[in-house]
Amino acid sequence: MSGSTLTAAHQTSCTPSRAARELGLRRSEFDLAVHLGRIRTVPDEGGGGHRVPLTELERLRGQDGFPDALREAVRTVGTREGAALLDVPVTRFTRLAKLGLLVPVRFYLNRYRAVVWMYLADELRQFGADAANAPLLTGRTPPHLRSQLANGADLRARNWRGRHLGFLLRQADGPWQRAGAVAALLDPVQIAELVPDPYERAHLTRFRPDPPAHGAPGSPAAELAARIMTADDPDEIGWLRADLARAVVEARQHRPAPRPAPGRNESPESHERHAPSESEAPERPDRSRGLLGWLRRRDTRGV
């Protein structure tokens, strides 16, 4: 992108920090709104990351109830406050979340390095208002659900990963970025099995997002966040492996991973450090298959 084009693009968009101020949001609220797809961003071609079009700020400011409605749409609550919203005991709320009926939107680690799951208040109100969910909020838990809990069911981390993958895919700007988004939920051993070529694997690693920041790199908190980010359910792993294999084929067909020129002695690790950045136009995704298709259909339905 030329300097004049870059300047024009910056004149019609702003940084996330400025956008948060313009919208009256704390930065954490703004980031969550972007995560949920409530605020549209565009790639920052000049410095990486994303920017917010000024037209998007105008659209949001023109909505009914702004800014309170926007703030309420991204308000999160923990288990205790969530249970109060649903008017159920904390233990029942936790059971519903473990069964995957309540999906966390983010998490943090408290000072004891325990995972604290956070939920959208608006989604909890919708869940409580649905008459079909009334039997789950009162009386005994159905036997088939009790048996799942007795067998150790806890879908909170898996459901968070699915939601986070949806966010990563919305932010992806090309085939290699989409492949990197899927790879972010698999451990390196799985990736090495699926992508044996070291240059392709190094290129893929460039676009593999890190887990949400929790503590200094290498700290126990950061390692725990990385474990939460990594799929551990066999069914989930199978879906992700199939989707990554397809995504890498699509990325390879669109633009093969760079390799050193003949005669140059360059390692894949060096390639990873110096590979050129992607400048790919987003493609229309396949909505029909695998975990990616399920996530996209889920987003479309607004679940």
# chains A, B, ... in the order shown; residues from 1 in each chain; ligands from 1
>>> residues_around(residues="Phe30 (chain A)", least_positions_apart="3", cutoff="9 Å", atoms="only C-alpha atoms", output="ChimeraX atom specification")
/A:16-17,19-20,23,25-27,33-35,39,71,74
>>> write_last_selection(atoms="C-alpha atoms", output="PDB file, in the first residue's frame")
ATOM      1  CA  PRO A  16      -9.005   0.883  18.874  1.00  0.00           C
ATOM      2  CA  SER A  17      -8.048   3.122  21.825  1.00  0.00           C
ATOM      3  CA  ALA A  19     -12.684   4.180  19.175  1.00  0.00           C
ATOM      4  CA  ALA A  20     -13.191   2.973  22.752  1.00  0.00           C
ATOM      5  CA  LEU A  23     -17.932   5.026  22.227  1.00  0.00           C
ATOM      6  CA  LEU A  25     -16.333   2.042  26.564  1.00  0.00           C
ATOM      7  CA  ARG A  26     -13.524   0.755  28.721  1.00  0.00           C
ATOM      8  CA  ARG A  27     -10.881  -0.918  26.604  1.00  0.00           C
ATOM      9  CA  ALA A  33     -17.515  -6.020  21.613  1.00  0.00           C
ATOM     10  CA  VAL A  34     -15.049  -6.621  18.769  1.00  0.00           C
ATOM     11  CA  HIS A  35     -14.688 -10.237  19.895  1.00  0.00           C
ATOM     12  CA  ILE A  39     -17.981  -3.611  16.404  1.00  0.00           C
ATOM     13  CA  ARG A  71     -22.340  -1.204  27.325  1.00  0.00           C
ATOM     14  CA  VAL A  74     -21.075  -6.530  26.603  1.00  0.00           C
TER      15      VAL A  74
END
>>> select_by_dssp(residues="region 70-130 of chain A", states="alpha helix (DSSP H)", output="count of residues only")
30
>>> select_by_dssp(residues="region 77-241 of chain A", states="strand (DSSP E)", output="ChimeraX atom specification")
/A:77,106-109,115-120
>>> write_last_selection(atoms="C-alpha atoms", output="PDB file, in the first residue's frame")
ATOM      1  CA  VAL A  77     -20.910 -11.488  35.181  1.00  0.00           C
ATOM      2  CA  ARG A 106     -14.059 -14.964  28.689  1.00  0.00           C
ATOM      3  CA  PHE A 107     -12.047 -16.046  31.705  1.00  0.00           C
ATOM      4  CA  TYR A 108      -9.402 -14.762  34.049  1.00  0.00           C
ATOM      5  CA  LEU A 109      -7.186 -16.266  36.716  1.00  0.00           C
ATOM      6  CA  VAL A 115     -10.029 -20.070  36.584  1.00  0.00           C
ATOM      7  CA  VAL A 116     -12.932 -17.627  36.869  1.00  0.00           C
ATOM      8  CA  TRP A 117     -15.404 -17.941  34.003  1.00  0.00           C
ATOM      9  CA  MET A 118     -17.391 -14.901  32.884  1.00  0.00           C
ATOM     10  CA  TYR A 119     -20.719 -14.887  31.046  1.00  0.00           C
ATOM     11  CA  LEU A 120     -22.676 -12.313  29.068  1.00  0.00           C
TER      12      LEU A 120
END
>>> residues_around(residues="Val105 (chain A)", least_positions_apart="4", cutoff="12 Å", atoms="only C-alpha atoms", output="number ranges by chain")
A: 29, 31-33, 35-36, 74-78, 97, 116-124, 156-167
>>> closest_residue(among="A:Ala153, A:Leu204, A:Leu244, A:Leu60", to="Gln190 (chain A)", atoms="only C-alpha atoms")
A:Leu244
>>> residues_around(residues="Pro43 (chain A)", least_positions_apart="3", cutoff="9 Å", atoms="only C-alpha atoms", output="compact mmCIF listing (two decimals) with N, CA, C and O atoms, in the first residue's frame")
# COMPACT_ATOMS: atom_id res chain seq x y z
N GLY A 46 -0.88 -0.57 7.56
CA GLY A 46 0.38 0.11 7.80
C GLY A 46 1.18 -0.45 8.95
O GLY A 46 2.41 -0.48 8.91
N GLY A 48 0.00 -3.41 11.10
CA GLY A 48 -0.53 -4.63 11.69
C GLY A 48 -1.69 -4.31 12.61
O GLY A 48 -1.99 -3.15 12.90
N GLY A 49 -2.36 -5.33 13.08
CA GLY A 49 -3.50 -5.10 13.95
C GLY A 49 -4.72 -4.66 13.15
O GLY A 49 -4.81 -4.90 11.94
N HIS A 50 -5.65 -4.00 13.84
CA HIS A 50 -6.89 -3.58 13.20
C HIS A 50 -7.24 -2.16 13.61
O HIS A 50 -6.80 -1.66 14.64
N ARG A 51 -8.03 -1.51 12.77
CA ARG A 51 -8.54 -0.18 13.02
C ARG A 51 -10.06 -0.20 12.90
O ARG A 51 -10.65 -1.18 12.42
N VAL A 52 -10.69 0.88 13.34
CA VAL A 52 -12.14 0.97 13.31
C VAL A 52 -12.56 2.06 12.32
O VAL A 52 -12.14 3.22 12.48
N GLN A 171 -11.49 -12.27 12.54
CA GLN A 171 -10.36 -11.36 12.41
C GLN A 171 -9.38 -11.78 11.33
O GLN A 171 -8.50 -11.01 10.94
N ASP A 173 -7.62 -12.49 7.88
CA ASP A 173 -7.66 -11.73 6.64
C ASP A 173 -7.29 -12.55 5.41
O ASP A 173 -7.20 -12.01 4.32
>>> closest_residue(among="A:Thr41, A:Gln148, A:Gln11, A:Thr230", to="Gly100 (chain A)", atoms="only C-alpha atoms")
A:Gln148
>>> atom_distance(atom1="CA of Arg259 (chain A)", atom2="CA of Tyr199 (chain A)")
6.6 Å
>>> closest_residue(among="A:Arg111, A:Arg246, A:Arg18, A:Arg95", to="Ser147 (chain A)", atoms="only C-alpha atoms")
A:Arg95
>>> residues_around(residues="His10 (chain A)", least_positions_apart="5", cutoff="10 Å", atoms="only C-alpha atoms", output="ChimeraX atom specification")
/A:4-5,15,44-46,51-54
>>> closest_residue(among="A:Leu169, A:Leu85, A:Leu155, A:Ala245", to="Val103 (chain A)", atoms="only C-alpha atoms")
A:Leu155
>>> closest_residue(among="A:Ala226, A:Ala134, A:Val42, A:Val195", to="Val249 (chain A)", atoms="only C-alpha atoms")
A:Val195
>>> atom_distance(atom1="CA of Leu168 (chain A)", atom2="CA of Arg201 (chain A)")
18.8 Å
>>> atom_distance(atom1="CA of Ala247 (chain A)", atom2="CA of Gly180 (chain A)")
8.8 Å
>>> residues_around(residues="Ala251 (chain A)", least_positions_apart="2", cutoff="9 Å", atoms="only C-alpha atoms", output="JSON, numbers by chain")
{"A": [174, 175, 176, 177, 178, 179, 246, 247, 248, 249, 253, 254, 255, 256, 257]}
